[in-house]
file coords_5.cif (mmCIF, C-alpha atoms)
data_run
loop_
_atom_site.label_atom_id
_atom_site.label_comp_id
_atom_site.auth_asym_id
_atom_site.auth_seq_id
_atom_site.Cartn_x
_atom_site.Cartn_y
_atom_site.Cartn_z
CA MET A 1 21.61 1.72 25.56
CA GLN A 2 19.42 4.50 26.91
CA ASN A 3 16.78 5.68 24.43
CA THR A 4 17.14 9.46 24.29
CA GLN A 5 14.93 10.18 21.28
CA ASN A 6 12.04 11.51 23.35
CA LEU A 7 14.06 12.45 26.41
CA PHE A 8 12.45 15.32 28.37
CA GLU A 9 9.49 15.45 25.99
CA PHE A 10 6.82 15.35 28.68
CA PRO A 11 3.11 14.72 28.17
CA ASP A 12 0.76 17.69 28.13
CA TYR A 13 -0.65 17.03 31.61
CA LEU A 14 2.82 17.37 33.17
CA LEU A 15 3.56 20.54 31.22
CA LYS A 16 0.25 22.02 32.38
CA GLU A 17 1.11 21.15 35.99
CA GLU A 18 4.55 22.71 35.54
CA LYS A 19 2.93 25.96 34.42
CA ARG A 20 0.34 25.81 37.18
CA ALA A 21 3.05 25.42 39.83
CA LEU A 22 5.01 28.32 38.29
CA ASP A 23 1.94 30.53 38.59
CA MET A 24 1.11 29.40 42.13
CA THR A 25 4.64 29.97 43.45
CA ARG A 26 5.33 33.34 41.83
CA GLU A 27 5.03 35.32 45.08
CA GLN A 28 7.29 32.97 47.04
CA ARG A 29 9.92 32.91 44.31
CA GLU A 30 9.96 36.70 44.12
CA GLU A 31 10.67 36.76 47.85
CA VAL A 32 13.62 34.43 47.25
CA LYS A 33 15.02 36.91 44.71
CA ASP A 34 14.72 39.70 47.28
CA ILE A 35 16.66 37.65 49.85
CA SER A 36 19.28 36.81 47.23
CA SER A 37 19.78 40.50 46.40
CA HIS A 38 20.21 41.31 50.09
CA ASN A 39 22.76 38.55 50.59
CA GLN A 40 24.64 39.31 47.38
CA LYS A 41 25.19 42.86 48.63
CA LYS A 42 26.45 41.48 51.94
CA VAL A 43 28.91 39.15 50.19
CA LEU A 44 30.12 41.80 47.76
CA LYS A 45 30.67 44.23 50.61
CA ALA A 46 32.87 41.66 52.39
CA PHE A 47 34.98 41.20 49.24
CA VAL A 48 35.40 44.96 48.79
CA GLU A 49 36.20 45.60 52.45
CA GLU A 50 38.91 42.92 52.41
CA LYS A 51 40.35 44.28 49.13
CA VAL A 52 40.32 40.90 47.39
CA SER A 53 42.82 40.83 44.50
CA ASP A 54 43.89 38.25 41.93
CA TYR A 55 47.07 38.08 44.00
CA HIS A 56 44.99 36.21 46.57
CA PHE A 57 44.17 33.47 44.08
CA HIS A 58 47.71 32.11 43.95
CA GLY A 59 48.27 28.93 45.94
CA THR A 60 51.02 27.83 48.24
CA THR A 61 52.70 24.47 48.84
CA GLY A 62 54.39 22.79 51.77
CA TYR A 63 53.61 24.51 55.05
CA GLY A 64 51.64 27.26 53.37
CA PHE A 65 53.41 30.04 55.28
CA SER A 66 52.21 33.59 54.62
CA ASP A 67 49.33 32.53 52.38
CA ALA A 68 47.63 35.89 51.91
CA GLY A 69 44.77 34.32 49.98
CA ARG A 70 43.95 31.86 52.76
CA GLU A 71 44.08 34.59 55.39
CA THR A 72 41.95 36.99 53.33
CA LEU A 73 39.36 34.29 52.56
CA ASP A 74 39.03 33.64 56.28
CA ARG A 75 38.35 37.32 56.89
CA VAL A 76 35.82 37.48 54.04
CA PHE A 77 33.83 34.63 55.58
CA ALA A 78 34.02 36.24 59.02
CA ARG A 79 32.55 39.45 57.57
CA ILE A 80 29.82 37.59 55.69
CA PHE A 81 28.68 35.83 58.85
CA ASN A 82 29.28 38.79 61.17
CA THR A 83 31.77 36.90 63.33
CA GLU A 84 35.16 37.57 64.86
CA SER A 85 36.97 34.77 63.07
CA ALA A 86 36.75 32.03 60.46
CA ILE A 87 38.71 29.16 58.96
CA VAL A 88 37.93 28.10 55.39
CA ARG A 89 39.91 25.09 54.16
CA HIS A 90 39.86 22.64 51.28
CA SER A 91 41.29 20.14 53.78
CA ILE A 92 37.96 20.01 55.66
CA VAL A 93 36.46 17.03 53.85
CA SER A 94 32.75 17.54 54.66
CA GLY A 95 30.28 19.41 56.80
CA THR A 96 30.44 16.57 59.32
CA HIS A 97 34.20 17.02 59.50
CA ALA A 98 33.81 20.76 60.11
CA LEU A 99 31.44 20.07 63.00
CA ALA A 100 33.73 17.37 64.42
CA VAL A 101 36.67 19.78 64.35
CA VAL A 102 34.69 22.25 66.47
CA LEU A 103 33.59 19.56 68.92
CA HIS A 104 37.04 18.03 69.38
CA GLY A 105 38.66 21.43 69.70
CA ASN A 106 36.31 22.80 72.36
CA LEU A 107 35.12 19.88 74.52
CA ARG A 108 37.20 18.29 77.25
CA PRO A 109 36.83 15.27 79.58
CA GLY A 110 34.00 15.87 82.04
CA ASP A 111 32.15 18.26 79.74
CA GLU A 112 28.61 17.74 78.52
CA ILE A 113 27.05 18.62 75.18
CA ILE A 114 23.29 18.95 74.80
CA MET A 115 21.69 18.24 71.42
CA ALA A 116 18.81 20.69 71.68
CA THR A 117 16.97 20.03 68.41
CA GLY A 118 16.16 16.36 68.77
CA ASP A 119 17.99 13.54 67.04
CA PRO A 120 21.01 14.92 65.14
CA TYR A 121 21.90 13.96 61.60
CA ASP A 122 23.03 10.34 61.27
CA THR A 123 26.72 11.15 60.73
CA ILE A 124 26.93 13.19 63.95
CA LYS A 125 25.98 10.29 66.23
CA PRO A 126 29.25 8.35 65.82
CA ILE A 127 31.18 11.50 66.76
CA LEU A 128 29.17 11.78 69.96
CA GLY A 129 29.49 8.07 70.74
CA LEU A 130 25.74 7.60 70.36
CA GLN A 131 25.91 5.01 67.58
CA PRO A 132 27.44 1.60 68.37
CA GLY A 133 30.14 0.17 66.15
CA TRP A 134 32.22 3.29 65.59
CA LYS A 135 35.44 4.14 67.39
CA GLY A 136 36.88 7.51 68.32
CA GLY A 137 33.69 9.12 69.64
CA LEU A 138 33.62 11.81 72.31
CA ASP A 139 32.39 9.21 74.80
CA GLU A 140 35.91 7.70 74.79
CA TRP A 141 37.14 11.02 76.19
CA GLY A 142 34.61 11.09 78.99
CA ILE A 143 32.41 13.67 77.26
CA ASP A 144 28.69 13.11 77.70
CA ALA A 145 26.04 13.86 75.09
CA ARG A 146 22.34 14.31 75.84
CA ILE A 147 19.52 14.57 73.31
CA ILE A 148 16.50 16.72 74.17
CA PRO A 149 13.50 15.41 72.18
CA LEU A 150 11.34 17.81 70.22
CA ASP A 151 7.93 18.70 71.62
CA LYS A 152 4.63 17.28 70.36
CA ASN A 153 4.63 19.80 67.50
CA ASP A 154 8.14 18.78 66.35
CA MET A 155 9.57 22.04 67.61
CA PRO A 156 12.45 22.61 70.06
CA ASP A 157 11.27 22.21 73.65
CA ILE A 158 12.85 25.35 75.10
CA PRO A 159 11.72 24.77 78.73
CA ALA A 160 13.19 21.25 78.63
CA ILE A 161 16.41 22.55 77.06
CA ILE A 162 16.86 25.20 79.75
CA ASP A 163 16.03 22.73 82.50
CA ALA A 164 18.71 20.35 81.15
CA ILE A 165 21.53 22.93 81.21
CA SER A 166 23.75 22.46 84.27
CA GLU A 167 27.20 23.51 85.45
CA LYS A 168 28.59 20.53 83.53
CA THR A 169 27.07 21.68 80.23
CA LYS A 170 29.79 23.15 78.04
CA MET A 171 28.01 23.29 74.71
CA LEU A 172 24.55 23.47 73.19
CA PHE A 173 24.25 21.97 69.69
CA LEU A 174 21.48 23.14 67.34
CA GLN A 175 20.79 21.57 63.96
CA ARG A 176 19.11 24.02 61.61
CA SER A 177 18.13 21.62 58.83
CA CYS A 178 15.68 18.74 59.07
CA GLY A 179 18.32 16.30 57.84
CA TYR A 180 16.80 12.85 57.30
CA THR A 181 13.86 13.43 59.65
CA TRP A 182 10.26 14.28 58.80
CA ARG A 183 10.26 17.51 60.79
CA PRO A 184 10.39 21.17 59.89
CA SER A 185 13.73 22.87 59.52
CA PHE A 186 14.22 25.60 62.11
CA SER A 187 14.30 29.27 61.20
CA VAL A 188 17.03 31.62 62.37
CA LYS A 189 14.47 33.28 64.65
CA ILE A 190 13.66 29.98 66.38
CA LEU A 191 17.36 29.28 66.85
CA GLY A 192 17.79 32.82 68.17
CA ASP A 193 15.08 32.22 70.78
CA ILE A 194 16.93 29.11 71.97
CA ILE A 195 20.26 30.95 72.03
CA SER A 196 18.81 33.81 74.07
CA ALA A 197 17.19 31.47 76.59
CA ALA A 198 20.32 29.35 76.94
CA LYS A 199 22.60 32.35 77.48
CA SER A 200 20.19 33.64 80.14
CA LYS A 201 20.58 30.34 81.98
CA LYS A 202 24.33 30.00 81.52
CA LYS A 203 26.20 32.97 80.10
CA ASP A 204 29.38 31.12 79.10
CA ILE A 205 27.71 28.20 77.31
CA ILE A 206 29.00 27.69 73.76
CA VAL A 207 26.12 27.58 71.29
CA MET A 208 27.11 25.68 68.16
CA ILE A 209 25.03 25.54 64.98
CA ASP A 210 25.05 22.86 62.31
CA ASN A 211 24.32 25.34 59.53
CA CYS A 212 24.56 22.91 56.61
CA TYR A 213 22.00 23.65 53.85
CA GLY A 214 20.99 26.88 55.62
CA GLU A 215 23.54 29.50 54.56
CA MET A 216 22.17 32.38 52.46
CA VAL A 217 18.57 31.13 52.71
CA GLU A 218 17.47 33.95 55.03
CA LYS A 219 18.67 37.54 55.30
CA ILE A 220 20.33 36.83 58.64
CA GLU A 221 22.38 33.93 59.98
CA PRO A 222 22.37 32.36 63.46
CA THR A 223 25.61 34.18 64.26
CA ASP A 224 23.70 37.46 63.89
CA LEU A 225 21.57 36.34 66.85
CA GLY A 226 24.33 35.22 69.17
CA ALA A 227 25.49 31.77 68.01
CA ASP A 228 29.11 31.27 69.05
CA VAL A 229 30.22 28.99 66.22
CA MET A 230 28.88 27.39 63.03
CA GLY A 231 30.22 24.78 60.67
CA GLY A 232 29.33 23.86 57.11
CA SER A 233 30.41 22.26 53.86
CA LEU A 234 31.64 24.03 50.74
CA ILE A 235 30.03 21.46 48.44
CA LYS A 236 26.74 22.76 49.80
CA ASN A 237 25.55 26.37 49.90
CA MET A 238 28.71 28.40 50.51
CA GLY A 239 30.70 26.75 47.72
CA GLY A 240 28.35 28.14 45.10
CA ALA A 241 28.69 24.91 43.02
CA ILE A 242 32.27 25.97 42.24
CA ALA A 243 34.34 24.97 45.28
CA PRO A 244 35.69 21.47 44.55
CA THR A 245 35.75 20.43 48.21
CA GLY A 246 36.18 21.94 51.66
CA GLY A 247 34.39 23.35 54.65
CA CYS A 248 34.18 26.42 56.82
CA ILE A 249 33.98 27.25 60.52
CA VAL A 250 32.93 30.74 61.59
CA GLY A 251 32.38 32.25 65.00
CA ARG A 252 33.84 33.67 68.19
CA ARG A 253 37.60 34.05 68.00
CA ASP A 254 38.53 31.79 70.90
CA VAL A 255 36.13 29.03 69.84
CA VAL A 256 37.37 29.08 66.23
CA GLU A 257 40.99 29.15 67.42
CA ARG A 258 40.46 26.02 69.52
CA ALA A 259 38.80 24.38 66.51
CA SER A 260 41.80 25.26 64.34
CA THR A 261 44.13 23.46 66.74
CA SER A 262 41.98 20.37 66.30
CA LEU A 263 42.20 20.70 62.52
CA THR A 264 46.02 20.93 62.70
CA CYS A 265 47.58 20.97 66.16
CA ALA A 266 48.37 23.20 69.13
CA GLY A 267 50.96 25.80 68.22
CA ILE A 268 50.00 25.82 64.54
CA GLY A 269 46.23 26.25 64.41
CA GLY A 270 45.17 28.12 61.30
CA ASP A 271 48.60 29.60 60.52
CA GLU A 272 49.64 26.76 58.23
CA GLY A 273 48.02 24.80 55.44
CA ALA A 274 48.97 24.96 51.78
CA THR A 275 46.12 26.01 49.50
CA LEU A 276 47.51 24.27 46.39
CA GLY A 277 45.81 26.63 43.94
CA HIS A 278 42.27 26.24 45.30
CA ASN A 279 41.90 29.82 46.51
CA ARG A 280 40.21 31.25 43.43
CA LEU A 281 37.58 28.50 43.40
CA LEU A 282 36.76 29.06 47.07
CA PHE A 283 36.55 32.84 46.65
CA GLN A 284 34.45 32.56 43.51
CA GLY A 285 32.17 29.93 45.04
CA ALA A 286 31.46 32.17 48.01
CA PHE A 287 30.68 35.07 45.68
CA PHE A 288 28.19 32.97 43.69
CA ALA A 289 26.60 31.43 46.80
CA PRO A 290 23.63 33.83 47.17
CA HIS A 291 22.58 33.36 43.54
CA ILE A 292 23.04 29.58 43.46
CA VAL A 293 21.17 29.16 46.74
CA ALA A 294 18.34 31.23 45.28
CA GLU A 295 18.18 28.97 42.23
CA SER A 296 17.98 25.94 44.52
CA LEU A 297 15.29 27.58 46.64
CA GLU A 298 13.16 28.51 43.67
CA GLY A 299 13.45 24.90 42.54
CA ALA A 300 12.48 23.54 45.95
CA ILE A 301 9.45 25.84 46.22
CA TRP A 302 8.26 24.98 42.73
CA ALA A 303 8.88 21.25 43.29
CA SER A 304 6.88 21.29 46.52
CA CYS A 305 3.89 22.85 44.76
CA PHE A 306 4.19 20.68 41.64
CA LEU A 307 4.53 17.45 43.62
CA GLU A 308 1.71 18.26 46.02
CA ASN A 309 -0.55 19.04 43.07
CA MET A 310 0.41 15.63 41.67
CA GLY A 311 -0.68 13.95 44.91
CA PHE A 312 2.64 13.60 46.76
CA ASP A 313 3.10 14.24 50.48
CA VAL A 314 5.65 17.05 50.85
CA LYS A 315 7.40 18.96 53.63
CA PRO A 316 7.63 21.91 53.63
CA ARG A 317 4.68 23.03 51.54
CA PHE A 318 5.43 25.60 48.86
CA ASP A 319 4.08 28.54 50.89
CA ASP A 320 5.75 27.58 54.17
CA PRO A 321 8.69 29.74 55.32
CA ARG A 322 12.05 28.41 54.11
CA THR A 323 15.20 28.19 56.18
CA ASP A 324 17.15 25.59 54.18
CA ILE A 325 17.24 24.24 50.62
CA ILE A 326 15.84 20.78 51.41
CA GLN A 327 12.50 19.53 50.09
CA GLY A 328 11.13 16.38 51.70
CA ILE A 329 8.93 14.00 49.67
CA ARG A 330 7.30 11.10 51.54
CA LEU A 331 6.89 8.12 49.22
CA GLY A 332 5.95 5.27 51.56
CA SER A 333 8.06 2.42 50.19
CA ARG A 334 11.59 1.50 49.21
CA GLU A 335 10.44 0.73 45.68
CA LYS A 336 9.07 4.23 45.21
CA GLN A 337 12.24 5.77 46.64
CA GLU A 338 14.24 3.83 44.06
CA VAL A 339 12.01 4.85 41.15
CA PHE A 340 11.93 8.54 42.08
CA CYS A 341 15.72 8.64 42.50
CA LEU A 342 16.15 6.88 39.17
CA GLY A 343 14.11 9.62 37.50
CA ILE A 344 16.33 12.31 39.04
CA GLN A 345 19.51 10.43 38.11
CA ASN A 346 18.43 10.06 34.48
CA ALA A 347 18.04 13.85 34.33
CA CYS A 348 21.53 14.61 35.64
CA PRO A 349 24.27 16.03 33.39
CA VAL A 350 26.84 13.55 34.76
CA ASP A 351 26.32 9.77 35.05
CA SER A 352 22.77 9.98 33.77
CA MET A 353 23.01 6.31 32.80
CA ALA A 354 23.69 5.17 36.37
CA VAL A 355 21.08 3.34 38.45
CA PRO A 356 20.91 4.50 42.11
CA ILE A 357 21.20 1.54 44.49
CA ALA A 358 20.83 1.77 48.26
CA ALA A 359 24.11 1.09 50.02
CA ASP A 360 25.77 1.34 53.40
CA LEU A 361 27.74 4.56 53.69
CA PRO A 362 30.22 5.65 56.38
CA GLY A 363 28.46 7.18 59.38
CA TYR A 364 24.90 6.13 58.49
CA ARG A 365 22.88 3.50 60.36
CA ASP A 366 20.63 2.57 57.42
CA PRO A 367 21.33 2.03 53.72
CA ILE A 368 21.17 5.30 51.78
CA ILE A 369 19.92 5.75 48.25
CA MET A 370 21.37 8.72 46.41
CA ALA A 371 20.70 10.26 43.02
CA GLY A 372 23.12 12.90 41.96
CA GLY A 373 25.09 13.06 38.75
CA THR A 374 27.01 16.15 39.79
CA PHE A 375 30.09 17.89 38.44
CA ILE A 376 31.54 17.81 41.96
CA GLN A 377 31.20 14.42 43.61
CA GLY A 378 28.44 14.46 46.23
CA ALA A 379 27.76 18.18 45.84
CA SER A 380 24.24 18.62 47.17
CA ILE A 381 24.11 22.25 46.07
CA GLU A 382 23.79 20.68 42.63
CA LEU A 383 20.52 18.86 41.93
CA SER A 384 20.44 15.69 43.98
CA CYS A 385 18.00 13.49 45.84
CA ASP A 386 18.68 11.01 48.60
CA GLY A 387 17.23 9.35 51.66
CA PRO A 388 17.62 6.48 54.11
CA ILE A 389 15.86 3.18 53.52
CA ARG A 390 13.60 3.40 56.56
CA GLU A 391 10.22 4.73 57.53
CA PRO A 392 8.64 6.99 56.36
CA HIS A 393 10.54 6.11 53.15
CA ALA A 394 11.07 9.73 52.22
CA VAL A 395 13.55 11.24 49.82
CA TYR A 396 15.07 14.67 50.22
CA LEU A 397 15.52 16.83 47.17
CA GLN A 398 18.08 19.60 47.33
CA GLY A 399 20.21 21.82 45.19
CA GLY A 400 20.05 22.90 41.60
CA ILE A 401 22.55 25.17 39.86
CA CYS A 402 19.68 26.50 37.79
CA PHE A 403 15.94 26.54 38.37
CA GLU A 404 15.28 25.11 34.91
CA HIS A 405 17.24 21.95 35.71
CA VAL A 406 15.25 21.36 38.88
CA ARG A 407 12.02 21.45 36.90
CA LEU A 408 13.32 19.02 34.30
CA GLY A 409 14.63 16.64 36.95
CA VAL A 410 11.46 16.58 39.05
CA MET A 411 9.17 16.17 36.04
CA ASN A 412 11.36 13.32 34.86
CA ALA A 413 11.10 11.66 38.29
CA VAL A 414 7.31 11.93 38.24
CA ALA A 415 7.16 10.58 34.70
CA GLU A 416 9.32 7.65 35.79
CA MET A 417 6.95 6.91 38.67
CA VAL A 418 3.91 7.08 36.39
CA ASN A 419 5.55 4.75 33.89
CA SER A 420 6.58 2.36 36.67
CA ALA A 421 3.02 2.24 38.02
CA THR A 422 1.60 1.37 34.59
CA ASP A 423 4.17 -1.31 33.72
#

call {"tool": "encode", "arguments": {"input": "coords_5.cif", "output": "structure tokens"}}
result
Amino acid sequence: MQNTQNLFEFPDYLLKEEKRALDMTREQREEVKDISSHNQKKVLKAFVEEKVSDYHFHGTTGYGFSDAGRETLDRVFARIFNTESAIVRHSIVSGTHALAVVLHGNLRPGDEIIMATGDPYDTIKPILGLQPGWKGGLDEWGIDARIIPLDKNDMPDIPAIIDAISEKTKMLFLQRSCGYTWRPSFSVKILGDIISAAKSKKKDIIVMIDNCYGEMVEKIEPTDLGADVMGGSLIKNMGGAIAPTGGCIVGRRDVVERASTSLTCAGIGGDEGATLGHNRLLFQGAFFAPHIVAESLEGAIWASCFLENMGFDVKPRFDDPRTDIIQGIRLGSREKQEVFCLGIQNACPVDSMAVPIAADLPGYRDPIIMAGGTFIQGASIELSCDGPIREPHAVYLQGGICFEHVRLGVMNAVAEMVNSATD
């Protein structure tokens, strides 16, 4: 049985480092609050303009005909992201699924997609046909995928991207977050520079953004700078830790419409789909998103400073610009990954007694270790920590419904590592 008598009673040196990191990050965390205020106004304005009512919270069954809540939620998301259209559905099972829906709906045999921000996230490669052993990839449909490596500074190589675009190129894919790579996440401005250059080369190219972990982190979104379509998960930023499942696709009307036919079928698109009583949770999650993202960001900034002061290798540093909620921590060995994740898991409100064990997961090429005792299974907008068992043996901290929980979890992880080293 877990001994909880002295749980979260940390030694003085950790408490002093907690306070030191709070003092050092004050300016950055105040900036996060300013961004949150800006984005909360944007979200509230969308709700008011669409005249959201409790009538919209009622669900439908069967075909879901005339679901006013579903249709209004779509319009709210379109306003938030400054796009022509959106589809927000509990039936989108993950961010990867949302991205796959866009790809399958808009690419056809003979088309080419260029991955312009280096290696994509592990779960995207099977969709593209770039990871052996998985069936149903775009390669089976005669759709080619090319990866443009990052430059020597781990930044998008815009000249190489533009040079690669040809008449065959239908889509440019940009991944905003670092994912499971030890590189910086890319700001909206950097993505905007790529979008502008690509559209100058080929006006009708579809620019698609994997926006997972990035929503509400900056005052603008990639769609404000010309991105044609974005996809994301509702158990990340835009679900506000309330949405029980789901995903969203926002963008240009024709691109979103083609995606909707992939989600259902031609002739139905987004006009059907019972909401089964989930509407209120999706509306409320979106409303809370700016605040919850800000809590996560404050936690990530503080954790970066605290961990660096404790001798850990971190990316980004606490005073680097932020464009997603992920905090990388390079640990150097599988054993240290396991110990750090155990410390996070023991500080979770759900399944605190569990022991994280690396395992093979669908879509990943390496075993993944995950810590995350969350109220919603796998919700990485709640405090969680995970990483692949491969070099550089890093873990990626994200989420946190409240800043205070992030601090408790990270201090517990460090305490666990100190205790492990002295055993």

call {"tool": "atom_distance", "arguments": {"input": "coords_5.cif", "atom1": "CA of Pro367 (chain A)", "atom2": "CA of Gly239 (chain A)"}}
result
27.1 Å

call {"tool": "atom_distance", "arguments": {"input": "coords_5.cif", "atom1": "CA of Phe47 (chain A)", "atom2": "CA of Gly240 (chain A)"}}
result
15.2 Å

call {"tool": "closest_residue", "arguments": {"input": "coords_5.cif", "among": "A:His56, A:Arg253, A:Lys168, A:Lys336", "to": "Leu107 (chain A)", "atoms": "all atoms listed in the file"}}
result
A:Lys168

call {"tool": "residues_around", "arguments": {"input": "coords_5.cif", "residues": "Leu99 (chain A)", "least_positions_apart": "3", "cutoff": "12 Å", "atoms": "all atoms listed in the file", "output": "VMD selection string"}}
result
chain A and resid 92 to 96 102 to 106 120 to 121 123 to 125 127 to 128 173 to 175 208 to 212 229 to 233 247 to 250 256 259 to 260 262 to 263

call {"tool": "residues_around", "arguments": {"input": "coords_5.cif", "residues": "Asp144 (chain A)", "least_positions_apart": "2", "cutoff": "8 Å", "atoms": "only C-alpha atoms", "output": "count of residues only"}}
result
9

call {"tool": "atom_distance", "arguments": {"input": "coords_5.cif", "atom1": "CA of Ser187 (chain A)", "atom2": "CA of Arg75 (chain A)"}}
result
25.7 Å

call {"tool": "closest_residue", "arguments": {"input": "coords_5.cif", "among": "A:Gly251, A:Pro126, A:Gly64, A:Gly133", "to": "Ala100 (chain A)", "atoms": "only C-alpha atoms"}}
result
A:Pro126

call {"tool": "resolve_selection", "arguments": {"input": "coords_5.cif", "expression": "the PyMOL selection byres ((chain A and resi 281-295) around 7)", "output": "count of residues only"}}
result
27

call {"tool": "resolve_selection", "arguments": {"input": "coords_5.cif", "expression": "the PyMOL selection byres ((chain A and resi 346) around 10)", "output": "PyMOL selection string"}}
result
chain A and resi 2+7+341-345+347-356+371-373+409+412-413+416

call {"tool": "residues_near_point", "arguments": {"input": "coords_5.cif", "point": "(46.5, 34.9, 43.0)", "cutoff": "10 Å", "atoms": "only C-alpha atoms", "output": "list in words"}}
result
Val52, Ser53, Asp54, Tyr55, His56, Phe57, His58, Gly59, Thr60, Ala68, Gly69, Gly277, His278, Asn279 and Arg280 of chain A

call {"tool": "closest_residue", "arguments": {"input": "coords_5.cif", "among": "A:Gly214, A:Gly192, A:Pro132, A:Pro244", "to": "Thr323 (chain A)", "atoms": "only C-alpha atoms"}}
result
A:Gly214

call {"tool": "closest_residue", "arguments": {"input": "coords_5.cif", "among": "A:Asp163, A:Asp23, A:Glu382, A:Asp366", "to": "Tyr213 (chain A)", "atoms": "only C-alpha atoms"}}
result
A:Glu382
